[in-house]
Structures are given as structure tokens and as C-alpha cells.
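Trainee: This is target02.csv, which holds CSV, C-alpha atoms:
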chain,number,residue,atom,x,y,z
A,1,MET,CA,81.5,-53.1,18.9
A,2,GLN,CA,82.4,-49.5,18.4
A,3,PRO,CA,79.2,-47.4,17.6
A,4,PHE,CA,81.2,-44.2,17.4
A,5,ILE,CA,84.7,-43.6,16.0
A,6,HIS,CA,86.6,-40.6,17.3
A,7,ILE,CA,88.7,-38.8,14.7
A,8,LEU,CA,90.4,-35.5,15.8
A,9,ASN,CA,88.0,-35.3,18.7
A,10,ILE,CA,85.0,-35.6,16.3
A,11,ARG,CA,82.5,-38.3,17.1
A,12,ILE,CA,81.5,-40.1,13.9
A,13,PRO,CA,78.7,-42.8,13.8
A,14,ALA,CA,80.5,-46.0,12.7
A,15,TYR,CA,77.5,-47.2,10.7
A,16,GLY,CA,77.2,-44.0,8.6
A,17,LEU,CA,81.0,-44.1,8.1
A,18,MET,CA,80.9,-47.7,6.9
A,19,ILE,CA,78.1,-46.9,4.4
A,20,LEU,CA,80.1,-44.0,3.1
A,21,ILE,CA,83.2,-46.2,2.8
A,22,SER,CA,81.1,-48.8,1.0
A,23,LEU,CA,79.8,-46.1,-1.5
A,24,ILE,CA,83.3,-44.8,-2.1
A,25,THR,CA,84.7,-48.3,-2.6
A,26,THR,CA,82.0,-49.4,-5.0
A,27,ASN,CA,82.2,-46.2,-7.0
A,28,SER,CA,86.0,-46.4,-7.2
A,29,ILE,CA,85.7,-49.9,-8.6
A,30,LEU,CA,83.0,-48.7,-11.0
A,31,PHE,CA,85.2,-45.9,-12.2
A,32,PHE,CA,88.2,-48.3,-12.6
A,33,LEU,CA,86.0,-50.7,-14.6
A,34,TYR,CA,84.7,-47.8,-16.8
A,35,THR,CA,88.2,-46.5,-17.6
A,36,ASN,CA,89.5,-50.0,-18.2
A,37,LYS,CA,87.0,-50.2,-21.1
A,38,LYS,CA,86.7,-54.0,-20.7
A,39,ALA,CA,83.4,-53.5,-18.8
A,40,LEU,CA,80.4,-51.2,-19.0
A,41,LYS,CA,80.6,-51.1,-22.8
A,42,SER,CA,77.0,-50.1,-23.0
A,43,CYS,CA,77.6,-46.8,-21.3
A,44,ARG,CA,78.0,-43.7,-23.5
A,45,SER,CA,79.7,-41.8,-20.6
A,46,TYR,CA,80.5,-42.2,-16.9
A,47,ASP,CA,77.8,-39.5,-16.3
A,48,GLU,CA,75.2,-42.2,-17.2
A,49,ILE,CA,76.3,-44.3,-14.3
A,50,ILE,CA,76.1,-41.4,-11.9
A,51,LEU,CA,72.6,-40.6,-13.2
A,52,LEU,CA,71.5,-44.2,-12.7
A,53,GLU,CA,72.9,-44.3,-9.2
A,54,ALA,CA,71.3,-40.9,-8.3
A,55,TYR,CA,67.8,-42.0,-9.6
A,56,CYS,CA,68.1,-45.3,-7.7
A,57,PHE,CA,69.1,-43.6,-4.4
A,58,LEU,CA,66.5,-40.9,-4.8
A,59,PHE,CA,63.6,-43.2,-5.2
A,60,ALA,CA,65.0,-45.7,-2.7
A,61,ILE,CA,65.1,-43.1,0.1
A,62,LEU,CA,61.6,-41.7,-0.9
A,63,PHE,CA,59.9,-45.2,-1.1
A,64,ALA,CA,61.6,-46.4,2.1
A,65,LYS,CA,60.5,-43.4,4.0
A,66,ILE,CA,56.9,-43.3,2.6
A,67,LEU,CA,56.4,-47.0,3.2
A,68,TYR,CA,57.7,-46.5,6.8
A,69,ILE,CA,55.3,-43.7,7.4
A,70,ILE,CA,52.3,-45.6,5.9
A,71,ILE,CA,53.0,-48.7,8.0
A,72,VAL,CA,53.4,-46.8,11.3
A,73,THR,CA,50.3,-44.7,10.5
A,74,ILE,CA,48.3,-47.9,10.0
A,75,LYS,CA,49.6,-49.3,13.2
A,76,LEU,CA,48.9,-46.2,15.3
A,77,LYS,CA,45.6,-45.4,13.6
A,78,SER,CA,43.8,-42.8,15.8
A,79,GLN,CA,46.9,-41.7,17.6
A,80,ILE,CA,48.3,-39.9,14.6
A,81,THR,CA,48.7,-36.2,15.1
A,82,ILE,CA,50.7,-33.5,13.3
A,83,ASN,CA,53.4,-33.8,16.0
A,84,VAL,CA,53.6,-37.5,15.5
A,85,LEU,CA,53.9,-37.1,11.7
A,86,CYS,CA,56.7,-34.5,12.2
A,87,GLU,CA,58.4,-37.0,14.5
A,88,LEU,CA,58.1,-39.7,11.9
A,89,PHE,CA,59.5,-37.4,9.2
A,90,SER,CA,62.6,-36.5,11.2
A,91,SER,CA,63.1,-40.0,12.7
A,92,SER,CA,65.6,-42.5,11.3
A,93,GLY,CA,62.9,-45.0,10.3
A,94,PHE,CA,63.0,-46.6,6.9
A,95,VAL,CA,61.8,-49.9,5.4
A,96,PHE,CA,64.5,-51.7,3.6
A,97,TYR,CA,62.3,-53.5,1.1
A,98,GLY,CA,60.6,-50.2,0.3
A,99,GLY,CA,64.0,-48.9,-0.7
A,100,LEU,CA,64.6,-51.9,-2.9
A,101,ILE,CA,61.3,-51.4,-4.8
A,102,GLY,CA,62.2,-47.7,-5.0
A,103,ALA,CA,65.6,-48.4,-6.5
A,104,ILE,CA,64.1,-50.7,-9.2
A,105,PHE,CA,61.5,-48.0,-10.0
A,106,GLY,CA,64.3,-45.3,-10.1
A,107,ALA,CA,66.3,-47.4,-12.6
A,108,TYR,CA,63.2,-47.7,-14.8
A,109,ILE,CA,62.6,-44.0,-14.6
A,110,CYS,CA,66.2,-43.3,-15.5
A,111,LYS,CA,65.8,-45.6,-18.5
A,112,VAL,CA,62.7,-43.8,-19.7
A,113,ILE,CA,63.9,-40.2,-19.2
A,114,HIS,CA,67.6,-40.6,-20.2
A,115,ASN,CA,67.4,-43.7,-22.5
A,116,VAL,CA,70.1,-45.5,-20.4
A,117,ASP,CA,70.7,-49.1,-21.3
A,118,ILE,CA,70.1,-50.4,-17.7
A,119,SER,CA,69.9,-54.1,-18.4
A,120,ASN,CA,73.5,-54.4,-19.5
A,121,ILE,CA,74.8,-51.9,-16.9
A,122,LEU,CA,73.1,-53.7,-14.1
A,123,ASP,CA,74.6,-57.1,-15.2
A,124,ASP,CA,78.0,-55.4,-15.2
A,125,VAL,CA,77.7,-53.9,-11.7
A,126,THR,CA,75.7,-56.7,-9.9
A,127,PHE,CA,78.8,-57.9,-8.1
A,128,LEU,CA,79.1,-54.5,-6.4
A,129,LEU,CA,75.8,-54.9,-4.6
A,130,PRO,CA,76.9,-57.7,-2.3
A,131,LEU,CA,80.3,-56.0,-1.9
A,132,GLY,CA,78.6,-52.8,-0.7
A,133,HIS,CA,76.1,-54.7,1.4
A,134,SER,CA,79.0,-56.7,3.0
A,135,LEU,CA,80.7,-53.5,4.1
A,136,GLY,CA,77.4,-52.2,5.4
A,137,ARG,CA,77.1,-55.3,7.6
A,138,ILE,CA,80.4,-54.5,9.1
A,139,GLY,CA,78.9,-51.2,10.0
A,140,CYS,CA,76.0,-53.1,11.7
A,141,PHE,CA,78.6,-55.1,13.6
A,142,LEU,CA,80.3,-51.9,14.8
A,143,ALA,CA,77.0,-50.3,15.8
A,144,GLY,CA,75.7,-53.5,17.4
A,145,CYS,CA,72.5,-53.6,15.5
A,146,CYS,CA,71.0,-56.5,13.5
A,147,TYR,CA,72.5,-58.8,16.2
A,148,GLY,CA,72.3,-62.6,16.5
A,149,ILE,CA,70.6,-65.0,18.8
A,150,PRO,CA,72.1,-65.8,22.3
A,151,TYR,CA,74.9,-68.4,21.6
A,152,LYS,CA,77.7,-69.8,23.7
A,153,GLY,CA,79.7,-71.7,21.1
A,154,ILE,CA,82.8,-70.7,19.2
A,155,PHE,CA,83.2,-67.1,18.0
A,156,ASN,CA,80.5,-65.8,20.3
A,157,ILE,CA,80.6,-62.0,21.1
A,158,ILE,CA,79.6,-59.7,23.9
A,159,PHE,CA,78.7,-56.2,22.8
A,160,PRO,CA,79.7,-53.1,24.9
A,161,ILE,CA,77.1,-51.0,26.9
A,162,ASN,CA,76.9,-48.2,24.4
A,163,SER,CA,75.8,-50.4,21.4
A,164,PHE,CA,72.3,-51.3,20.2
A,165,ALA,CA,72.7,-55.0,21.1
A,166,PRO,CA,71.8,-56.4,24.6
A,167,HIS,CA,74.8,-56.2,27.0
A,168,ASN,CA,76.5,-58.9,28.9
A,169,VAL,CA,74.9,-61.6,26.7
A,170,ARG,CA,77.0,-63.9,24.4
A,171,LEU,CA,75.6,-63.5,20.9
A,172,PHE,CA,76.1,-65.2,17.6
A,173,PRO,CA,78.1,-62.9,15.2
A,174,ILE,CA,75.4,-62.9,12.5
A,175,GLN,CA,76.6,-59.6,11.0
A,176,LEU,CA,80.1,-61.0,10.3
A,177,LEU,CA,78.8,-64.3,8.9
A,178,GLU,CA,76.5,-62.4,6.5
A,179,SER,CA,79.3,-60.0,5.6
A,180,ILE,CA,81.6,-63.0,4.7
A,181,ILE,CA,78.8,-64.7,2.7
A,182,LEU,CA,78.1,-61.5,0.8
A,183,LEU,CA,81.8,-60.9,0.1
A,184,THR,CA,82.1,-64.5,-1.3
A,185,LEU,CA,78.9,-63.9,-3.4
A,186,SER,CA,80.5,-60.7,-4.8
A,187,MET,CA,83.6,-62.6,-5.9
A,188,ILE,CA,81.6,-65.4,-7.5
A,189,PHE,CA,79.4,-62.9,-9.4
A,190,PHE,CA,82.5,-61.0,-10.6
A,191,ILE,CA,84.0,-64.2,-12.0
A,192,LEU,CA,80.6,-65.2,-13.5
A,193,ARG,CA,80.3,-61.9,-15.3
A,194,TYR,CA,83.8,-61.1,-16.4
A,195,LYS,CA,85.1,-64.6,-17.1
A,196,TYR,CA,82.1,-66.6,-18.2
A,197,LYS,CA,80.0,-63.7,-19.5
A,198,VAL,CA,76.8,-64.8,-17.7
A,199,ASN,CA,73.7,-62.6,-18.2
A,200,ASN,CA,70.7,-61.8,-16.0
A,201,LEU,CA,72.9,-61.7,-12.9
A,202,LEU,CA,70.7,-59.2,-11.0
A,203,VAL,CA,67.8,-61.7,-11.0
A,204,ILE,CA,70.1,-64.5,-10.0
A,205,TYR,CA,71.5,-62.3,-7.2
A,206,ILE,CA,68.1,-61.4,-5.8
A,207,PHE,CA,67.1,-65.1,-5.9
A,208,ILE,CA,70.3,-66.3,-4.1
A,209,TYR,CA,70.3,-63.5,-1.5
A,210,SER,CA,66.6,-64.0,-0.7
A,211,LEU,CA,67.3,-67.7,-0.1
A,212,ILE,CA,70.4,-67.0,2.1
A,213,ARG,CA,68.5,-64.2,4.0
A,214,PHE,CA,65.6,-66.5,4.7
A,215,PHE,CA,67.9,-69.0,6.5
A,216,LEU,CA,70.1,-66.4,8.2
A,217,GLU,CA,67.0,-64.8,9.7
A,218,PHE,CA,66.7,-67.8,12.0
A,219,LEU,CA,70.0,-66.8,13.6
A,220,ARG,CA,68.9,-63.1,14.1
A,221,GLY,CA,68.0,-62.1,17.6
A,222,ASP,CA,66.6,-58.6,17.1
A,223,ILE,CA,62.8,-58.8,17.4
A,224,ILE,CA,62.0,-55.2,16.7
A,225,ARG,CA,61.6,-55.9,13.0
A,226,GLY,CA,58.2,-57.4,13.3
A,227,SER,CA,57.0,-60.9,12.7
A,228,PHE,CA,54.1,-62.9,11.4
A,229,HIS,CA,53.3,-66.6,12.2
A,230,ASN,CA,56.9,-67.4,13.4
A,231,LEU,CA,58.4,-65.8,10.3
A,232,SER,CA,60.0,-62.4,10.3
A,233,THR,CA,59.0,-59.6,7.9
A,234,SER,CA,62.2,-60.2,6.0
A,235,GLN,CA,61.5,-63.9,5.7
A,236,ILE,CA,58.1,-63.3,4.3
A,237,LEU,CA,59.5,-60.7,1.8
A,238,SER,CA,62.3,-63.1,0.9
A,239,LEU,CA,59.8,-65.9,0.2
A,240,SER,CA,57.7,-63.5,-1.9
A,241,LEU,CA,60.7,-62.5,-4.0
A,242,ILE,CA,61.7,-66.2,-4.6
A,243,LEU,CA,58.2,-67.2,-5.6
A,244,MET,CA,57.9,-64.1,-7.8
A,245,ILE,CA,61.1,-65.0,-9.7
A,246,ILE,CA,60.1,-68.6,-10.1
A,247,LEU,CA,56.6,-67.5,-11.4
A,248,ILE,CA,58.2,-65.1,-13.9
A,249,LYS,CA,60.6,-67.8,-15.1
A,250,ILE,CA,57.7,-70.3,-15.6
A,251,ILE,CA,55.5,-67.7,-17.5
A,252,LYS,CA,58.5,-66.9,-19.7
A,253,SER,CA,59.2,-70.5,-20.5
A,254,ILE,CA,55.5,-71.2,-21.3
A,255,LYS,CA,55.5,-68.2,-23.7
A,256,LYS,CA,58.7,-69.5,-25.4
A,257,GLU,CA,57.1,-72.9,-26.0
A,258,GLU,CA,54.0,-71.3,-27.4
A,259,LYS,CA,56.1,-69.4,-30.0
B,1,MET,CA,70.2,-26.8,-15.0
B,2,ALA,CA,73.7,-25.8,-13.8
B,3,VAL,CA,72.2,-23.0,-11.7
B,4,ALA,CA,69.6,-25.3,-10.3
B,5,SER,CA,72.3,-27.8,-9.4
B,6,LEU,CA,74.4,-25.2,-7.6
B,7,VAL,CA,71.4,-23.9,-5.7
B,8,LEU,CA,70.3,-27.4,-4.7
B,9,GLY,CA,73.9,-28.3,-3.7
B,10,ILE,CA,74.1,-25.2,-1.4
B,11,ILE,CA,70.6,-25.9,0.1
B,12,ALA,CA,71.5,-29.6,0.7
B,13,LEU,CA,74.8,-28.7,2.3
B,14,VAL,CA,73.1,-26.3,4.7
B,15,ILE,CA,70.4,-28.8,5.6
B,16,SER,CA,73.0,-31.6,6.1
B,17,LEU,CA,75.3,-29.4,8.2
B,18,PHE,CA,72.8,-27.5,10.4
B,19,SER,CA,69.9,-29.8,10.9
B,20,GLY,CA,72.0,-31.8,13.4
B,21,GLY,CA,71.3,-35.0,11.4
B,22,SER,CA,67.6,-35.0,12.1
B,23,LEU,CA,66.7,-33.8,8.5
B,24,GLY,CA,69.7,-35.5,6.9
B,25,TRP,CA,67.5,-37.6,4.7
B,26,LEU,CA,65.9,-34.5,3.3
B,27,GLY,CA,69.3,-33.1,2.7
B,28,MET,CA,70.2,-36.3,0.9
B,29,ILE,CA,67.2,-36.0,-1.4
B,30,VAL,CA,67.9,-32.4,-2.3
B,31,GLY,CA,71.6,-33.3,-2.8
B,32,ILE,CA,70.7,-36.2,-5.1
B,33,LEU,CA,68.4,-33.9,-7.1
B,34,GLY,CA,71.5,-31.5,-7.3
B,35,ILE,CA,73.6,-34.4,-8.6
B,36,ILE,CA,71.0,-35.2,-11.4
B,37,PHE,CA,70.8,-31.5,-12.4
B,38,GLY,CA,74.6,-31.3,-12.3
B,39,VAL,CA,75.1,-34.2,-14.6
B,40,ILE,CA,72.5,-32.9,-17.1
B,41,GLY,CA,73.9,-29.4,-16.8
B,42,LYS,CA,77.4,-30.7,-17.7
B,43,LYS,CA,76.3,-31.4,-21.2
B,44,ASP,CA,76.1,-27.6,-21.9
B,45,GLU,CA,79.7,-26.6,-22.5
B,46,LYS,CA,79.0,-22.9,-21.5
B,47,GLN,CA,77.8,-23.9,-18.0
B,48,LYS,CA,80.0,-26.9,-17.4
B,49,GLY,CA,82.0,-25.2,-14.6
B,50,MET,CA,79.0,-24.2,-12.6
B,51,ALA,CA,77.4,-27.6,-13.1
B,52,THR,CA,80.5,-29.3,-11.9
B,53,ALA,CA,80.6,-27.1,-8.8
B,54,GLY,CA,76.9,-28.0,-8.1
B,55,LEU,CA,77.7,-31.6,-8.7
B,56,VAL,CA,80.6,-31.6,-6.2
B,57,MET,CA,78.7,-29.7,-3.6
B,58,SER,CA,75.7,-32.1,-3.9
B,59,ILE,CA,78.0,-35.1,-3.6
B,60,ILE,CA,79.6,-33.6,-0.4
B,61,ALA,CA,76.1,-32.8,1.0
B,62,VAL,CA,74.9,-36.4,0.4
B,63,ALA,CA,78.0,-37.8,2.0
B,64,LEU,CA,77.6,-35.6,5.1
B,65,GLY,CA,73.9,-36.4,5.3
B,66,LEU,CA,74.8,-40.1,5.2
B,67,ILE,CA,77.4,-39.9,8.0
B,68,LEU,CA,75.3,-37.7,10.3
B,69,PHE,CA,71.9,-39.3,9.8
B,70,LEU,CA,72.2,-42.9,8.6
B,71,ALA,CA,73.2,-44.3,12.0
B,72,CYS,CA,71.8,-47.7,11.4
B,73,ALA,CA,68.6,-46.4,9.9
B,74,ALA,CA,68.6,-49.2,7.2
B,75,CYS,CA,69.0,-51.9,9.8
B,76,ILE,CA,66.5,-50.8,12.3
B,77,GLY,CA,64.1,-49.5,9.7
B,78,ALA,CA,61.4,-51.9,10.3
B,79,ALA,CA,57.7,-51.5,10.4
B,80,GLY,CA,57.3,-52.1,14.0
B,81,LEU,CA,60.0,-49.8,15.2
B,82,GLY,CA,58.2,-46.5,15.0
B,83,ALA,CA,55.2,-47.9,16.8
B,84,ALA,CA,57.3,-49.3,19.5
B,85,THR,CA,59.3,-46.1,20.1
B,86,LEU,CA,56.3,-43.8,19.9
B,87,LYS,CA,54.2,-45.7,22.5
Show me this structure written as C-alpha cells.
Mentor:
Amino acid sequence: MQPFIHILNIRIPAYGLMILISLITTNSILFFLYTNKKALKSCRSYDEIILLEAYCFLFAILFAKILYIIIVTIKLKSQITINVLCELFSSSGFVFYGGLIGAIFGAYICKVIHNVDISNILDDVTFLLPLGHSLGRIGCFLAGCCYGIPYKGIFNIIFPINSFAPHNVRLFPIQLLESIILLTLSMIFFILRYKYKVNNLLVIYIFIYSLIRFFLEFLRGDIIRGSFHNLSTSQILSLSLILMIILIKIIKSIKKEEK
Amino acid sequence: MAVASLVLGIIALVISLFSGGSLGWLGMIVGILGIIFGVIGKKDEKQKGMATAGLVMSIIAVALGLILFLACAACIGAAGLGAATLK
């Protein structure tokens, strides 16, 4: 609704600002949890958390960019020139799921190089992922991207001319719905971890989020994200993740029975 | 490590501030490397100050890179977008 926010005559992109707010919020909570000593017991120092975060972000950005360039290169085939490659490098294109794979790889690298106990840390901080994501979705709402399908019912919204969404069309507020769902998930995961001491929360979160995302995609109206046989790229990736988790669980249970 | 962190922090800050956002992602990568070197450098008591300075600079560079560059990149970052805009 407001792609740019003006502070002291400086034009700041609302999406970037919301991502920054989300990072500051999640890191502040992390720091509070660490100093409180009730959580993150497996950490030797707060530096370990910063290291883990840095590795995850580093590989997430790299993988998201590399995957984007690979996919666009495959699509363009013969049209690829040095100028086009330069354009791709400086453009804002990223592939979200490339970032996700990169972040998991980064966490593994951090574990190997610095011997950080990532499994316990990730369980402790899983609830921050939907929280950060929820704030990011508010950024989407402000920028007008990731918009919903045309809808004339209750809570419909019309985006202004300078936003990414189509103008003068009543749209479903999918960004706000996803934001509320993620915020609720965050609270549930916090209670599950710190009250009921549930383990393997990251896997549970990926499973639940993939499921929710699969259904929310039907309410999304932006078609630029690519599609395959009536399913969007995100739906195919969500289904793949769900199947992968189920398959791993089945293999693990079979191995347990064999023992 | 501390010197590397400081140098990377300065380079990241320059990229984030003066590339007009177009190379912000590169600034973020250099900044993140600066953060990693800064954290490792802090373990050496003699160079703790320099490492902390590098760490802080790198964090500022990453934050600036985020604000200036990440205008909805994660949302629109889909495979078909590049092809669509380049055609």
C-alpha cells in the first residue's frame, strides 16, 4: 500500500525496511533468549549464533542468485550475451527455494568448520522463522507484490498506482492472511519448544509451512512466478518438500524396526 | 582475521553506499564475509578491538545493502521473471 516510506526527505523502500525490521526483531529476541540462559543452552557463546546466521545468509544469497541465473540462462538459451549476464548479476532476481537450500547448506558448513551444535540451536530458534517471515509479508503488502486473486468480498483491497499490484482492481489480501497465519505458527512453535520441550521443530515447521503454502497459492494472483500443469512453482516445490519429509520418516521408521 | 574483517567491512560499506543499490547483493556477501572474519577475529584478545570494528562495519553494510537493494527481490525472485523482463 505504501511502496516507499519518506523519513526526513529520504525515500526508503518499504519492503527492504520491513526485512531489516524483521532481522532486528528476531535478533533482539535471540539475544534476549541467550542472555536469559533458559534457552540456547547448547551455545558456547553468542558469537556462535552470529556465525550460524552469517553462514546461512551467505549461502542463501549465493544459491538464490546462482539458481536464478541458471534458470534464466536455460530459458533464454541462445540469447545469452555478456551484457545480459551483467544485467542478471545486477538485477534483483533471486529464487526463494534456492535460498532455502543454500541456508541449509550454510548451516551444515558452519557445523563442519566451527563445530557448532546446529540441531539444538535450530530447534530453539525455529519459532523465529515464521515471525521474521510474517514481518516480511507485511513488507510485501506495503510494496504491493505477492498479491492475491481478484476478490469482491469482505476485506478486499485496492492497491495504489505506484505499487507492484494491478491498480483499480479489488484483490484478496493474501499477504496479510499469510502474515497472520505465520504469526500464529510462531506463537504455537514457541509454546511447543519452551513449554512442552518438543524436538525436531524445524522439520515440523517445513512440513506445516509447505502444506499451508500449497493451499495459499490458490489465492495468489501474481502469475510471474511461473507455473506447470495448473500448479505454481511454489506448489510443486511445497509438494516435493512434503513428500521428501514423509519419505525420510518412513525410511527412518523402517531402519528402527530392523534394529 | 581482524584486519580482513575491517577491510571487507569497508569494501562492503563502499559497495552498498555507492553502487546505488544495483550491486547491493554483492555488498551483502562481502559484508557477511566481514562478519564471519570479525567473529573469528574476536577470539584473539590482542586484535579484539579491530575485529569488533570490522564486525560493526560489516553489519551496517549488510543492513544498508538490504534496505537499498532488497526491494521485493525475495517475492518476485521467480524463475520466469528474468526472462519476462529481458524479452
Trainee: Which residue out of B:Ile32, B:Lys42, B:Ser58, B:Gly49 has the minimum interatomic distance to chain A when all atoms listed in the file are used?
Mentor: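 Selected residue with least distance to chain A: B:Ile32.
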Trainee: So which residues touch B:Val30 within 6 Å, counting only C-alpha atoms, skipping near sequence neighbours fewer than 3 positions away, as a list in words?
Mentor: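 So, after excluding close chain neighbours, the residues are Ala12, Gly27 and Leu33 of chain B.
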Trainee: Keeping C-alpha atoms for every residue in the selection just given, could you write it to a file as a PDB file, in the frame of the given file?
Mentor:
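Result file out.pdb:
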ATOM      1  CA  ALA B  12      71.500 -29.600   0.700  1.00  0.00           C
ATOM      2  CA  GLY B  27      69.300 -33.100   2.700  1.00  0.00           C
ATOM      3  CA  LEU B  33      68.400 -33.900  -7.100  1.00  0.00           C
TER       4      LEU B  33
END
Trainee: Just checking: using all atoms listed in the file, which residue out of B:Ala51, B:Val7, B:Ser19, B:Ile36 ends up closest to chain A?
Mentor: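 When distances to chain A are compared using all atoms listed in the file, the smallest one comes from B:Ile36.
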Trainee: Which distance in Å separates atom CA of B:Phe69 and atom CA of A:Ile50, to one decimal?
Mentor: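 Separation of atom CA of B:Phe69 and atom CA of A:Ile50: 22.2 Å.
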Trainee: Taking all atoms listed in the file into account, which of B:Phe18, B:Glu45, B:Leu26, B:Ala53 comes nearest B:Ala4?
Mentor: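 Result for the nearest residue to B:Ala4: B:Ala53.
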Trainee: Point out the residue among A:Leu247, A:Ile104, A:Ile82, A:Leu241 with the least atom-to-atom distance to A:Ser210, counting all atoms listed in the file.
Mentor: A:Leu241
Trainee: Record the distance separating atom CA of A:Ser42 and atom CA of A:Leu185, expressed in Å with one decimal.
Mentor: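 For atom CA of A:Ser42 relative to atom CA of A:Leu185, the distance reads 24.0 Å.
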Trainee: So that I can see what lies close to stretch 126-134 of chain A, please list as a ChimeraX atom specification the residues with an atom at most 9 Å from it, counting only C-alpha atoms and leaving out residues fewer than 2 positions away in the same chain.
Mentor: /A:19,21-23,25-27,29-30,121-124,136-139,175-176,178-190,193,201-202,205,209
Trainee: Determine the nearest neighbour of B:Ile67 from the options A:Tyr196, A:Phe32, A:Phe4, A:Tyr15, counting all atoms listed in the file.
Mentor: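 Residue with the minimum atom-to-atom distance to B:Ile67: A:Tyr15.
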Trainee: Anything within 12 Å of (72.4, -36.4, -3.4): list those residues as a ChimeraX atom specification, counting only C-alpha atoms and sticking to the file's coordinates.
Mentor: /A:50-51,53-61 /B:5,8-13,15-16,24-39,54-66
Trainee: What does the structure give for the distance between atom CA of A:Leu20 and atom CA of A:Asn162, in Å to one decimal?
Mentor: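 Atom CA of A:Asn162 lies at a distance of 21.9 Å from atom CA of A:Leu20.
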Trainee: I'd like the box whose edges run along x, y and z of the file and which contains every listed atom of stretch 45-52 of chain B, padded by 4 Å per side; could you state its centre and edge lengths in Å, one decimal, as JSON?
Mentor:
{"center_x": 79.7, "center_y": -26.1, "center_z": -17.2, "size_x": 12.6, "size_y": 14.4, "size_z": 18.6}
Trainee: Return the single residue from A:Leu76, A:Ile191, A:Ile161, A:Leu8 that is closest to chain B, with distances computed using all atoms listed in the file.
Mentor: A:Leu76
Trainee: I'd like the neighbourhood of A:Lys111 as a list in words, where a residue qualifies if any of its atoms comes within 9 Å (using only C-alpha atoms), though same-chain residues fewer than 6 positions away should be ignored.
Mentor: Leu52, Asp117 and Ile118 of chain A
Trainee: Fewer than 6 positions away in the same chain doesn't count, so skip those; otherwise give me all residues within 12 Å of B:Lys46, counting all atoms listed in the file, as a ChimeraX atom specification.
Mentor: /B:1-3,52
